[in-house]
Amino acid sequence: DNSGTFTDSVEYFRERYRSGLEGIYNREDKRNPLKDWHHIVIPYCTGDIHWGSQEIHYLRKDESSYKIQHYGAINAKGVLDWVEENISSESTSKVLVTGCSAGAYGSIYWTPHIAELFKNSKVLQLGDAGIGVITSDFFKNSFPLWNPINYAPRWIPALSEENNNWTN
């Protein structure tokens, strides 16, 4: 739906946060061990599990086209740039990177980058409900279109393009 604006989206998430999200986001629950932590939420909206960095024009069956900006990685990188500028890594001893469903994959992909930002912190990753159900042609026909390697943590040898075919 293109009727809303970016500001409307931001306000929607702010209101949801103020109204009390569940689980680890519920800052009113005294049992929540993360209630006093900083929470940075990156909403999912680009259909690419936070790994995309490319705009794609798709064709419908009737040959008309539409575009999707698979910019999940670009959005996440923008947030990490903000984190680097605004949150002191020296005063942060523990970091939890987590996500649910598509966010589980985003948390996996971005944890090495976050660990680089917080080198002196204990960084943990928890992916919830990233169950990996995909079609048989996903890695061949869909995944490469997002340009997922663009922000990949290439400094990890097992994830470099030389040692790993990301479309396999």
# chains A, B, ... in the order shown; residues from 1 in each chain; ligands from 1
>>> residues_around(residues="region 134-139 of chain A", least_positions_apart="5", cutoff="9 Å", atoms="only C-alpha atoms", output="list in words")
Pro144, Trp166, Thr167 and Asn168 of chain A
>>> select_by_dssp(residues="region 72-134 of chain A", states="helix (DSSP H, G or I)", output="ChimeraX atom specification")
/A:72-86,102-117
>>> residues_around(residues="region 72-82 of chain A", least_positions_apart="5", cutoff="9 Å", atoms="only C-alpha atoms", output="number ranges by chain")
A: 40, 42, 44-54, 87, 106, 110, 113-114, 117, 148, 150-151
>>> closest_residue(among="A:Trp37, A:Tyr58, A:Tyr71, A:Tyr105", to="Ala129 (chain A)", atoms="only C-alpha atoms")
A:Tyr105
>>> closest_residue(among="A:Ala115, A:Ile108, A:Ala102, A:Pro153", to="Ile131 (chain A)", atoms="only C-alpha atoms")
A:Ala102
>>> select_by_dssp(residues="region 9-68 of chain A", states="strand (DSSP E)", output="VMD selection string")
chain A and resid 54 to 59 65 to 68
>>> write_last_selection(atoms="C-alpha atoms", output="compact mmCIF listing (two decimals), in the first residue's frame")
# COMPACT_ATOMS: atom_id res chain seq x y z
CA GLN A 54 19.19 -4.07 -5.55
CA GLU A 55 16.06 -2.86 -7.31
CA ILE A 56 14.45 -5.48 -9.54
CA HIS A 57 11.84 -5.10 -12.25
CA TYR A 58 9.60 -8.15 -12.37
CA LEU A 59 7.14 -9.24 -15.05
CA SER A 65 6.01 -4.97 -14.97
CA TYR A 66 6.45 -3.84 -11.41
CA LYS A 67 9.52 -3.10 -9.34
CA ILE A 68 10.60 -4.08 -5.87
>>> atom_distance(atom1="CA of His38 (chain A)", atom2="CA of Val83 (chain A)")
10.7 Å
>>> closest_residue(among="A:Ile149, A:Val41, A:Asn165, A:Lys122", to="Ser107 (chain A)", atoms="only C-alpha atoms")
A:Val41
>>> residues_around(residues="Ser91 (chain A)", least_positions_apart="5", cutoff="12 Å", atoms="only C-alpha atoms", output="PyMOL selection string")
chain A and resi 38+86+118-122
>>> atom_distance(atom1="CA of Cys100 (chain A)", atom2="CA of Leu126 (chain A)")
8.8 Å
